[in-house]
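Below: upload.txt (compact mmCIF, C-alpha atoms and all ligand atoms)
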```
# COMPACT_ATOMS: atom_id res chain seq x y z
CA MET A 27 13.64 -44.68 -70.22
CA GLN A 28 12.95 -48.41 -70.53
CA SER A 29 12.66 -51.11 -67.91
CA LEU A 30 13.19 -54.81 -67.98
CA THR A 31 11.97 -57.18 -65.29
CA LEU A 32 14.22 -60.06 -64.30
CA LEU A 33 13.33 -63.03 -62.17
CA SER A 34 16.28 -64.30 -60.16
CA ARG A 35 16.98 -67.87 -59.17
CA GLU A 36 15.50 -67.04 -55.75
CA ASN A 37 12.33 -66.04 -57.54
CA LYS A 38 12.79 -62.40 -56.60
CA ILE A 39 11.96 -59.77 -59.11
CA TYR A 40 14.33 -56.95 -59.99
CA ILE A 41 13.81 -54.07 -62.30
CA VAL A 42 16.63 -52.97 -64.57
CA THR A 43 16.01 -49.45 -65.78
CA ALA A 44 17.94 -48.20 -68.76
CA VAL A 45 18.19 -44.51 -69.52
CA GLU A 46 19.89 -42.96 -72.51
CA ARG A 47 21.45 -39.61 -71.64
CA TRP A 48 23.18 -37.67 -74.37
CA GLY A 49 23.78 -40.86 -76.26
CA THR A 50 25.31 -42.59 -73.23
CA PRO A 51 23.44 -45.60 -71.88
CA THR A 52 23.20 -45.90 -68.11
CA PHE A 53 21.58 -48.63 -66.04
CA SER A 54 20.04 -48.66 -62.65
CA VAL A 55 18.91 -51.79 -60.91
CA SER A 56 16.35 -52.05 -58.15
CA PRO A 57 18.10 -52.44 -54.78
CA ARG A 58 16.85 -56.00 -54.33
CA LEU A 59 19.37 -57.23 -56.84
CA PHE A 60 22.17 -56.01 -54.66
CA GLU A 61 20.72 -57.49 -51.50
CA THR A 62 21.12 -60.95 -52.90
CA LYS A 63 24.50 -62.58 -52.95
CA HIS A 64 23.90 -64.32 -56.22
CA ILE A 65 23.46 -61.58 -58.75
CA ALA A 66 21.06 -62.54 -61.52
CA LEU A 67 23.91 -63.42 -63.80
CA SER A 68 22.17 -66.58 -64.78
CA CYS A 69 20.01 -64.38 -66.97
CA PRO A 70 22.68 -63.58 -69.54
CA PHE A 71 21.92 -60.36 -71.29
CA ARG A 72 22.20 -60.47 -75.04
CA THR A 73 22.15 -57.55 -77.38
CA ILE A 74 20.18 -57.67 -80.58
CA SER A 75 22.23 -57.62 -83.73
CA ASN A 76 23.58 -54.43 -85.24
CA ASN A 77 21.21 -54.62 -88.18
CA GLU A 78 18.20 -55.10 -85.98
CA ALA A 79 19.31 -52.32 -83.71
CA THR A 80 19.80 -49.74 -86.44
CA ASP A 81 16.42 -50.48 -87.93
CA LYS A 82 14.10 -48.11 -86.08
CA GLN A 83 10.91 -49.97 -86.92
CA LYS A 84 12.25 -53.31 -85.82
CA ARG A 85 13.63 -51.66 -82.73
CA SER A 86 10.31 -50.25 -81.60
CA ARG A 87 8.53 -53.50 -82.51
CA TRP A 88 11.01 -55.39 -80.42
CA MET A 89 10.61 -52.98 -77.51
CA GLU A 90 6.85 -53.53 -77.60
CA ASN A 91 7.19 -57.31 -77.69
CA ARG A 92 10.25 -57.67 -75.51
CA PRO A 93 10.03 -60.26 -72.73
CA LYS A 94 8.71 -58.69 -69.55
CA LYS A 95 10.03 -61.46 -67.35
CA CYS A 96 12.75 -63.98 -67.71
CA LYS A 97 13.19 -67.15 -65.75
CA TYR A 98 16.52 -68.40 -64.51
CA GLY A 99 18.44 -69.50 -67.58
CA ASP A 100 16.41 -67.48 -70.08
CA SER A 101 18.07 -64.77 -72.10
CA PRO A 102 16.30 -61.44 -71.97
CA PHE A 103 17.18 -58.99 -74.66
CA ILE A 104 18.29 -55.52 -73.86
CA HIS A 105 17.90 -52.92 -76.54
CA LYS A 106 21.12 -52.15 -78.36
CA ASN A 107 21.04 -48.42 -77.70
CA LEU A 108 20.26 -49.00 -74.08
CA SER A 109 22.76 -51.74 -73.51
CA VAL A 110 26.22 -51.20 -72.12
CA MET A 111 26.92 -54.58 -73.69
CA ASN A 112 26.69 -53.21 -77.19
CA HIS A 113 29.86 -53.98 -79.18
CA LEU A 114 32.41 -54.36 -76.45
CA HIS A 115 36.10 -53.61 -76.84
CA LEU A 116 37.89 -55.57 -74.15
CA GLY A 117 41.53 -54.98 -73.34
CA PHE A 118 43.90 -57.13 -71.30
CA VAL A 119 47.02 -55.87 -69.61
CA GLY A 120 48.83 -59.09 -68.83
CA THR A 121 47.92 -62.12 -70.91
CA GLY A 122 49.11 -64.86 -68.56
CA ARG A 123 47.19 -67.74 -67.05
CA ILE A 124 44.11 -66.05 -65.68
CA ALA A 125 43.73 -63.82 -68.75
CA ARG A 126 43.89 -66.93 -70.93
CA ALA A 127 41.11 -68.63 -68.96
CA LEU A 128 38.97 -65.54 -69.24
CA ILE A 129 39.62 -65.05 -72.94
CA ALA A 130 38.84 -68.72 -73.59
CA GLY A 131 35.48 -68.26 -71.86
CA LEU A 132 34.74 -64.93 -73.50
CA SER A 133 35.91 -65.67 -77.02
CA GLN A 134 32.47 -67.04 -77.96
CA ARG A 135 30.80 -63.81 -76.83
CA GLU A 136 29.03 -61.93 -79.60
CA HIS A 137 29.94 -58.37 -80.49
CA THR A 138 33.22 -58.45 -78.61
CA THR A 139 36.72 -57.64 -79.77
CA PHE A 140 39.87 -58.24 -77.78
CA VAL A 141 43.15 -56.40 -77.58
CA GLY A 142 46.00 -57.30 -75.28
CA PHE A 143 49.46 -56.35 -74.15
CA ASP A 144 52.00 -58.34 -72.21
CA LYS A 145 55.57 -57.38 -71.57
CA GLU A 146 56.39 -61.04 -72.06
CA PRO A 147 56.24 -61.32 -75.91
CA ILE A 148 55.84 -65.12 -75.85
CA ALA A 149 52.72 -64.90 -73.66
CA LEU A 150 51.22 -62.32 -76.00
CA ALA A 151 52.10 -64.23 -79.17
CA SER A 152 50.66 -67.41 -77.71
CA ILE A 153 47.32 -65.84 -76.76
CA SER A 154 47.03 -64.12 -80.15
CA ALA A 155 47.71 -67.43 -81.91
CA ASP A 156 45.03 -69.27 -79.95
CA TYR A 157 42.31 -66.59 -79.69
CA PRO A 158 41.14 -63.56 -81.65
CA VAL A 159 43.21 -61.15 -79.56
CA GLN A 160 44.83 -58.27 -81.37
CA PRO A 161 48.30 -57.82 -79.90
CA CYS A 162 49.26 -54.28 -78.85
CA LEU A 163 52.70 -52.77 -78.58
CA SER A 164 52.04 -50.91 -75.34
CA ILE A 165 49.59 -50.39 -72.47
CA GLU A 166 48.68 -47.08 -74.08
CA GLU A 167 47.55 -48.94 -77.21
CA VAL A 168 45.30 -51.16 -75.06
CA ALA A 169 43.69 -48.04 -73.58
CA LEU A 170 43.14 -46.64 -77.06
CA GLY A 171 41.55 -49.87 -78.33
CA ALA A 172 39.39 -50.87 -75.34
CA GLN A 173 36.69 -49.38 -73.16
CA VAL A 174 36.94 -52.13 -70.53
CA ILE A 175 40.46 -52.97 -69.39
CA ILE A 176 41.16 -56.12 -67.42
CA LEU A 177 44.26 -55.80 -65.28
CA ALA A 178 45.67 -59.32 -65.12
CA VAL A 179 49.17 -58.83 -63.79
CA LYS A 180 50.71 -59.96 -60.51
CA PRO A 181 49.85 -57.80 -57.49
CA TYR A 182 53.39 -56.40 -57.17
CA GLN A 183 53.29 -55.33 -60.85
CA MET A 184 50.09 -53.33 -60.47
CA GLU A 185 51.59 -50.00 -59.36
CA GLU A 186 53.91 -49.91 -62.36
CA VAL A 187 51.09 -50.88 -64.75
CA LEU A 188 48.78 -48.17 -63.39
CA GLY A 189 51.56 -45.61 -63.73
CA GLU A 190 51.83 -46.47 -67.43
CA LEU A 191 48.08 -46.63 -67.93
CA LYS A 192 47.07 -43.42 -66.14
CA PRO A 193 47.97 -40.89 -68.88
CA SER A 194 45.81 -42.78 -71.42
CA LEU A 195 42.73 -43.23 -69.22
CA THR A 196 39.53 -41.35 -70.04
CA ALA A 197 36.14 -41.11 -68.31
CA ASN A 198 34.87 -43.88 -70.62
CA HIS A 199 37.21 -46.55 -69.28
CA LEU A 200 36.21 -49.22 -66.81
CA LEU A 201 39.05 -51.04 -65.03
CA ILE A 202 38.55 -54.59 -63.79
CA SER A 203 41.33 -55.93 -61.59
CA VAL A 204 41.91 -59.61 -60.88
CA ALA A 205 44.95 -58.99 -58.68
CA ALA A 206 44.85 -60.56 -55.22
CA GLY A 207 45.11 -58.16 -52.30
CA ILE A 208 44.99 -54.92 -54.33
CA SER A 209 42.09 -52.74 -53.21
CA SER A 210 39.85 -50.91 -55.63
CA GLU A 211 40.84 -47.66 -53.90
CA PHE A 212 44.52 -48.34 -54.56
CA ILE A 213 43.70 -48.76 -58.22
CA ARG A 214 41.51 -45.66 -58.34
CA LYS A 215 44.05 -43.50 -56.52
CA ASN A 216 46.78 -44.62 -58.91
CA SER A 217 44.53 -43.86 -61.90
CA ARG A 218 42.25 -40.89 -62.45
CA GLU A 219 40.31 -39.91 -59.32
CA SER A 220 37.05 -40.62 -61.15
CA THR A 221 38.11 -43.99 -62.57
CA ARG A 222 35.44 -46.69 -62.30
CA VAL A 223 36.98 -49.84 -60.81
CA ILE A 224 35.63 -53.33 -60.26
CA ARG A 225 37.72 -55.77 -58.28
CA VAL A 226 37.34 -59.51 -58.76
CA MET A 227 38.85 -62.63 -57.29
CA PRO A 228 38.51 -65.61 -59.66
CA ASN A 229 39.98 -69.05 -59.01
CA THR A 230 41.75 -71.68 -61.08
CA PRO A 231 38.70 -73.88 -61.91
CA ALA A 232 38.01 -70.97 -64.29
CA PHE A 233 40.30 -72.92 -66.65
CA VAL A 234 37.58 -75.56 -66.99
CA GLY A 235 34.65 -73.12 -66.90
CA GLU A 236 33.87 -73.93 -63.24
CA GLY A 237 35.40 -70.87 -61.65
CA MET A 238 34.08 -69.02 -58.64
CA THR A 239 34.55 -65.29 -58.89
CA ALA A 240 33.99 -62.92 -55.98
CA LEU A 241 33.26 -59.43 -57.27
CA CYS A 242 33.09 -56.07 -55.53
CA ARG A 243 32.49 -52.58 -56.81
CA GLY A 244 34.89 -49.69 -56.39
CA LYS A 245 33.79 -46.27 -55.15
CA MET A 246 33.07 -44.75 -58.56
CA ALA A 247 31.71 -47.86 -60.32
CA ALA A 248 28.10 -47.75 -61.54
CA ASP A 249 25.43 -50.46 -61.38
CA ALA A 250 25.97 -51.04 -65.09
CA ASP A 251 29.66 -51.73 -64.44
CA VAL A 252 28.75 -54.37 -61.84
CA LEU A 253 26.32 -56.00 -64.26
CA LEU A 254 28.82 -55.99 -67.08
CA ALA A 255 31.65 -57.41 -64.95
CA SER A 256 29.29 -60.09 -63.59
CA GLU A 257 28.28 -61.07 -67.08
CA LEU A 258 31.90 -61.21 -68.26
CA PHE A 259 33.09 -63.39 -65.38
CA SER A 260 30.06 -65.65 -65.60
CA SER A 261 31.71 -66.93 -68.80
CA ILE A 262 34.22 -68.77 -66.59
CA GLY A 263 31.84 -70.00 -63.87
CA GLN A 264 29.78 -68.49 -61.09
CA VAL A 265 29.95 -64.96 -59.74
CA THR A 266 29.07 -63.65 -56.29
CA LEU A 267 28.79 -59.99 -55.43
CA LEU A 268 30.49 -59.09 -52.14
CA ASP A 269 31.39 -56.07 -50.11
CA GLU A 270 35.07 -55.20 -50.51
CA LEU A 271 35.63 -55.86 -46.79
CA GLN A 272 34.76 -59.51 -47.51
CA MET A 273 37.33 -59.92 -50.28
CA ASP A 274 40.06 -61.26 -47.96
CA ALA A 275 37.66 -63.97 -46.79
CA ALA A 276 36.76 -64.78 -50.41
CA THR A 277 40.44 -64.88 -51.37
CA ALA A 278 41.05 -67.28 -48.48
CA LEU A 279 38.08 -69.53 -49.24
CA SER A 280 37.47 -69.65 -53.01
CA GLY A 281 40.69 -68.03 -54.31
CA SER A 282 43.03 -70.36 -52.40
CA GLY A 283 40.34 -73.03 -52.03
CA PRO A 284 41.23 -75.16 -55.06
CA ALA A 285 44.61 -75.90 -53.44
CA TYR A 286 42.89 -77.12 -50.26
CA MET A 287 40.59 -79.32 -52.34
CA PHE A 288 43.54 -80.79 -54.26
CA HIS A 289 45.32 -81.48 -50.98
CA ILE A 290 42.25 -83.16 -49.46
CA LEU A 291 41.61 -85.11 -52.65
CA ASP A 292 45.20 -86.29 -52.82
CA SER A 293 45.02 -87.45 -49.20
CA LEU A 294 41.71 -89.27 -49.71
CA ALA A 295 43.10 -90.93 -52.85
CA GLU A 296 46.17 -92.04 -50.89
CA GLY A 297 43.79 -93.63 -48.39
CA GLY A 298 42.11 -95.43 -51.30
CA VAL A 299 45.48 -96.65 -52.61
CA GLN A 300 46.46 -97.98 -49.17
CA CYS A 301 43.16 -99.86 -49.10
CA GLY A 302 43.77 -101.54 -52.48
CA LEU A 303 42.87 -99.16 -55.35
CA SER A 304 45.22 -98.04 -58.09
CA ARG A 305 46.18 -94.35 -58.00
CA ASP A 306 44.04 -93.58 -61.07
CA GLU A 307 41.02 -95.44 -59.72
CA ALA A 308 41.35 -93.68 -56.38
CA LEU A 309 41.56 -90.24 -58.00
CA ILE A 310 38.48 -90.82 -60.17
CA LEU A 311 36.46 -92.14 -57.24
CA GLY A 312 37.55 -89.28 -54.99
CA ALA A 313 37.23 -86.45 -57.55
CA GLN A 314 33.79 -87.48 -58.77
CA THR A 315 32.66 -87.85 -55.16
CA MET A 316 33.83 -84.29 -54.52
CA ILE A 317 31.91 -83.01 -57.56
CA GLY A 318 28.79 -84.94 -56.55
CA ALA A 319 28.86 -83.75 -52.94
CA ALA A 320 29.43 -80.13 -54.01
CA THR A 321 26.59 -80.36 -56.53
CA MET A 322 24.22 -81.60 -53.82
CA VAL A 323 25.15 -78.66 -51.60
CA LEU A 324 24.76 -76.20 -54.48
CA SER A 325 21.30 -77.55 -55.21
CA GLY A 326 20.49 -75.63 -52.02
CA LYS A 327 17.95 -78.09 -50.69
CA LYS A 328 19.87 -79.24 -47.62
CA SER A 329 22.81 -78.03 -45.55
CA PRO A 330 26.12 -79.95 -45.58
CA GLU A 331 25.39 -81.05 -42.01
CA GLU A 332 21.99 -82.50 -42.98
CA LEU A 333 23.48 -84.25 -46.00
CA LYS A 334 26.24 -85.71 -43.83
CA HIS A 335 23.73 -87.11 -41.37
CA GLU A 336 21.69 -88.66 -44.18
CA VAL A 337 24.64 -90.65 -45.47
CA THR A 338 25.77 -91.79 -42.01
CA THR A 339 24.21 -95.01 -40.73
CA PRO A 340 24.82 -95.69 -37.02
CA GLY A 341 27.50 -98.33 -36.73
CA GLY A 342 28.24 -98.17 -40.47
CA THR A 343 31.32 -97.43 -42.58
CA THR A 344 30.81 -93.67 -42.93
CA GLU A 345 30.47 -93.28 -39.18
CA ALA A 346 33.75 -95.16 -38.70
CA GLY A 347 35.49 -92.77 -41.11
CA LEU A 348 33.92 -89.62 -39.63
CA LYS A 349 34.94 -90.72 -36.13
CA VAL A 350 38.59 -90.41 -37.15
CA MET A 351 37.94 -86.97 -38.69
CA ASP A 352 36.32 -85.83 -35.45
CA GLU A 353 39.06 -87.27 -33.24
CA LYS A 354 41.72 -85.43 -35.29
CA ASN A 355 39.50 -82.34 -35.37
CA ILE A 356 39.63 -81.85 -39.14
CA ARG A 357 36.89 -79.22 -38.84
CA GLN A 358 39.06 -76.97 -36.67
CA ILE A 359 42.07 -77.52 -38.94
CA LEU A 360 40.08 -76.35 -41.98
CA ILE A 361 38.65 -73.34 -40.12
CA GLU A 362 42.19 -72.32 -39.17
CA THR A 363 43.37 -72.90 -42.74
CA VAL A 364 40.92 -70.31 -44.09
CA ALA A 365 41.69 -67.91 -41.23
CA ALA A 366 45.43 -68.08 -41.94
CA ALA A 367 44.92 -67.40 -45.66
CA ALA A 368 42.60 -64.45 -44.90
CA ALA A 369 45.17 -62.99 -42.50
CA ARG A 370 47.83 -63.27 -45.20
CA SER A 371 45.53 -61.60 -47.71
CA ARG A 372 45.03 -58.69 -45.29
CA GLU A 373 48.81 -58.38 -44.91
CA LEU A 374 49.22 -58.16 -48.69
CA MET A 375 46.44 -55.57 -49.01
CA LYS A 376 47.43 -52.26 -50.56
N1 LIG A 401 46.17 -67.73 -61.81
C1 LIG A 401 45.12 -67.77 -60.99
O1 LIG A 401 44.53 -68.78 -60.74
C2 LIG A 401 44.60 -66.53 -60.34
C3 LIG A 401 43.44 -66.61 -59.54
C4 LIG A 401 42.95 -65.45 -58.98
C5 LIG A 401 43.59 -64.23 -59.19
N2 LIG A 401 44.72 -64.21 -59.94
C6 LIG A 401 45.37 -62.93 -60.12
O2 LIG A 401 45.56 -62.72 -61.49
C7 LIG A 401 46.74 -61.95 -61.67
C8 LIG A 401 47.54 -62.58 -62.80
O3 LIG A 401 47.86 -63.92 -62.42
P1 LIG A 401 48.37 -64.96 -63.49
O4 LIG A 401 48.45 -66.26 -62.79
O5 LIG A 401 47.58 -64.84 -64.73
O6 LIG A 401 49.85 -64.36 -63.71
P2 LIG A 401 50.83 -64.59 -64.95
O7 LIG A 401 50.52 -65.90 -65.61
O8 LIG A 401 52.20 -64.35 -64.42
O9 LIG A 401 50.42 -63.43 -65.97
C9 LIG A 401 50.72 -62.08 -65.78
C10 LIG A 401 51.38 -61.59 -67.07
O10 LIG A 401 51.47 -60.18 -67.00
C11 LIG A 401 52.74 -59.80 -67.51
N3 LIG A 401 53.14 -58.46 -67.08
C12 LIG A 401 53.87 -58.10 -66.00
N4 LIG A 401 54.05 -56.76 -65.96
C13 LIG A 401 53.44 -56.27 -67.06
C14 LIG A 401 53.32 -54.97 -67.60
N5 LIG A 401 53.87 -53.90 -67.00
N6 LIG A 401 52.64 -54.83 -68.76
C15 LIG A 401 52.09 -55.90 -69.37
N7 LIG A 401 52.21 -57.16 -68.92
C16 LIG A 401 52.86 -57.35 -67.78
C17 LIG A 401 53.64 -60.87 -66.97
O11 LIG A 401 54.88 -60.86 -67.64
P3 LIG A 401 56.20 -61.34 -66.80
O12 LIG A 401 56.01 -62.81 -66.60
O13 LIG A 401 57.32 -60.98 -67.71
O14 LIG A 401 56.20 -60.59 -65.50
C18 LIG A 401 52.82 -62.12 -67.24
O15 LIG A 401 52.99 -62.59 -68.57
C19 LIG A 401 47.47 -61.91 -60.34
O16 LIG A 401 47.36 -60.61 -59.79
C20 LIG A 401 46.74 -62.90 -59.47
O17 LIG A 401 46.64 -62.42 -58.14
C21 LIG A 401 45.23 -65.30 -60.52
```

Let me see the structure of the file written as structure tokens.
Amino acid sequence: MQSLTLLSRENKIYIVTAVERWGTPTFSVSPRLFETKHIALSCPFRTISNNEATDKQKRSRWMENRPKKCKYGDSPFIHKNLSVMNHLHLGFVGTGRIARALIAGLSQREHTTFVGFDKEPIALASISADYPVQPCLSIEEVALGAQVIILAVKPYQMEEVLGELKPSLTANHLLISVAAGISSEFIRKNSRESTRVIRVMPNTPAFVGEGMTALCRGKMAADADVLLASELFSSIGQVTLLDELQMDAATALSGSGPAYMFHILDSLAEGGVQCGLSRDEALILGAQTMIGAATMVLSGKKSPEELKHEVTTPGGTTEAGLKVMDEKNIRQILIETVAAAAARSRELMK
């Protein structure tokens, strides 16, 4: 049994304990990690190389000298034989838009091979041409070639996919679903009863590495599965661990959120155009302002309300603009927007 101490961005310490049982590595993580919303994914785990790992002397030397603590942004090493992130065989069922974003982010990952299947041959050929993804002829072939299978098909296609996948599933497989509105229990019940499932909800900024992924664990998933899925999705942005009951809210806020932001941005830019800017100038000014404001909030030092007050001088320009927002009750409109999307997500839930 070996332990590694991690220091999260909130300066809380968590202990990751790795145990090797009959050649199978398992992880347990001190409960603190799961109390925090932001899992310590900013400490990307990295395995040591195959050569290092097979050399017993180097291995024990490394274990003696391994970092006991890592700060946010550092990369602690986890011993090869104790790491679930040893050479990873990742499979994709569905190689459309979200799979492409994920593969683009993950393709730099060390010790990872990719296989994929898509019933649309053009989508599969395109992904194999652009990334090191070995194309498969069937879902069964994906199951044979991968230990972690990412289900990246449309929600209504999931039942059919699981029906095809089920006969090939073994106890070693981990399923990660990106499908909106499909519960982890639906996936487990349509697979083997003991299937480990992680459900995630990414969003489209994943295409530029700025995604926000909400992640929840299925009934049979282990701590190690949560860590692995968090690490994988951190390649396309940030990851937050949620309870599955919160997934409709996450779908409504961050999943659908980019569309709200585009709509707001487009409207603000139109305001800029009507006041004398060109369309391009207005979009740059508006988009960068959105990035800057979001970055200030994410720095965590002040609430949006405090930041708003700081930028608002009595009798000034910002106050004149905010007055219109308040009169039209933009706040209530946005609250209702999220509520409507969450209600729709609940309706779609299987
Ligand atoms: N795109 C996003 O921003 C986003 C964000 C969050 C979550 N998601 C979720 O991600 C999932 C995929 O979305 P997407 O936008 O990537 O969809 P997509 O571009 O349509 O990709 C899905 C691919 O899977 C293929 N497929 C369908 N049935 C299959 C089967 N039985 N075996 C193998 N491949 C099959 C589809 O082929 P056909 O076209 O022939 O059906 C399509 O090429 C959805 O469940 C969605 O809820 C997407």

Within 6 Å of ligand LIG 401 (chain A), counting all atoms listed in the file, residues as a list of chain:residue names: A:Val119, A:Gly120, A:Thr121, A:Gly122, A:Arg123, A:Ile124, A:Ala125, A:Phe143, A:Asp144, A:Lys145, A:Glu146, A:Ala149, A:Ala178, A:Val179, A:Lys180, A:Pro181, A:Gln183, A:Val187, A:Val204, A:Ala205, A:Ala206, A:Met227, A:Pro228, A:Asn229, A:Thr230, A:Gly281

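Here atom CA of A:Asn216 and atom CA of A:Ile165 stand 15.0 Å from one another.
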
Residues near A:Gly298, anyone? I mean within 12 Å using all atoms listed in the file, not counting same-chain ones fewer than 2 positions away, as an mmCIF file with C-alpha atoms, keeping the file's coordinate frame.
```
data_model
loop_
_atom_site.group_PDB
_atom_site.id
_atom_site.type_symbol
_atom_site.label_atom_id
_atom_site.label_comp_id
_atom_site.auth_asym_id
_atom_site.auth_seq_id
_atom_site.Cartn_x
_atom_site.Cartn_y
_atom_site.Cartn_z
ATOM 1 C CA LEU A 291 41.610 -85.110 -52.650
ATOM 2 C CA ASP A 292 45.200 -86.290 -52.820
ATOM 3 C CA SER A 293 45.020 -87.450 -49.200
ATOM 4 C CA LEU A 294 41.710 -89.270 -49.710
ATOM 5 C CA ALA A 295 43.100 -90.930 -52.850
ATOM 6 C CA GLU A 296 46.170 -92.040 -50.890
ATOM 7 C CA GLN A 300 46.460 -97.980 -49.170
ATOM 8 C CA CYS A 301 43.160 -99.860 -49.100
ATOM 9 C CA GLY A 302 43.770 -101.540 -52.480
ATOM 10 C CA LEU A 303 42.870 -99.160 -55.350
ATOM 11 C CA SER A 304 45.220 -98.040 -58.090
ATOM 12 C CA ARG A 305 46.180 -94.350 -58.000
ATOM 13 C CA ASP A 306 44.040 -93.580 -61.070
ATOM 14 C CA GLU A 307 41.020 -95.440 -59.720
ATOM 15 C CA ALA A 308 41.350 -93.680 -56.380
ATOM 16 C CA LEU A 309 41.560 -90.240 -58.000
ATOM 17 C CA ILE A 310 38.480 -90.820 -60.170
ATOM 18 C CA LEU A 311 36.460 -92.140 -57.240
ATOM 19 C CA GLY A 312 37.550 -89.280 -54.990
ATOM 20 C CA ALA A 313 37.230 -86.450 -57.550
#
```

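Reported to one decimal place, the separation of atom CA of A:Ile129 from atom CA of A:Leu170 is 19.2 Å.
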
- prompt: How many Å separate atom CA of A:Arg357 from atom CA of A:Arg372?
  reply: 23.0 Å

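If only C-alpha atoms are the atoms counted, then among A:Met238, A:Ala320, A:Ile290, A:Ala255 the closest residue to A:Leu360 is A:Ile290.
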
- prompt: Which of these residues is nearest to A:Gln173, using all atoms listed in the file: A:Ser194, A:Thr277, A:Ser152, A:Thr343?
  reply: A:Ser194

- request: Find the spatial neighbours of stretch 268-270 of chain A, counting all atoms listed in the file, within a cut-off of 8 Å - ignore same-chain residues fewer than 4 positions away - and output them as a ChimeraX atom specification.
  value: /A:63,209,240-243

- prompt: Which residue, A:Cys162, A:Ala368, A:His199, A:Lys349, has the smallest gap to A:Ser280 when you use all atoms listed in the file?
  reply: A:Ala368

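Of the residues under consideration (A:Arg126, A:His115, A:Lys215, A:His335), A:His115 shows the shortest atom-to-atom contact distance to A:Val168 when counting only C-alpha atoms.
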
message: With only C-alpha atoms as the counted atoms, please give the residues lying no more than 8 Å from A:Phe233, apart from itself and same-chain residues fewer than 4 positions off, as an NGL selection string.
response: :A and (124 or 127-128 or 237 or 262)

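Among A:Gly263, A:Pro193, A:Gly117, A:Gly326, the residue with the shortest atom-to-atom distance to A:Ser217, counting only C-alpha atoms, is A:Pro193.
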
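Residues lying at most 10 Å from (32.2, -42.7, -59.5) in file coordinates, with all atoms listed in the file considered, are A:Ala197, A:Arg214, A:Glu219, A:Ser220, A:Thr221, A:Arg222, A:Val223, A:Gly244, A:Lys245, A:Met246, A:Ala247, A:Ala248.
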
Calculate, to one decimal in Å, the centre and edge lengths of the box along x, y and z of the file that holds all listed atoms of stretch 121-129 of chain A with 8 Å of margin on each side, and present them as JSON.
```
{"center_x": 44.0, "center_y": -65.4, "center_z": -69.3, "size_x": 26.1, "size_y": 22.5, "size_z": 23.3}
```
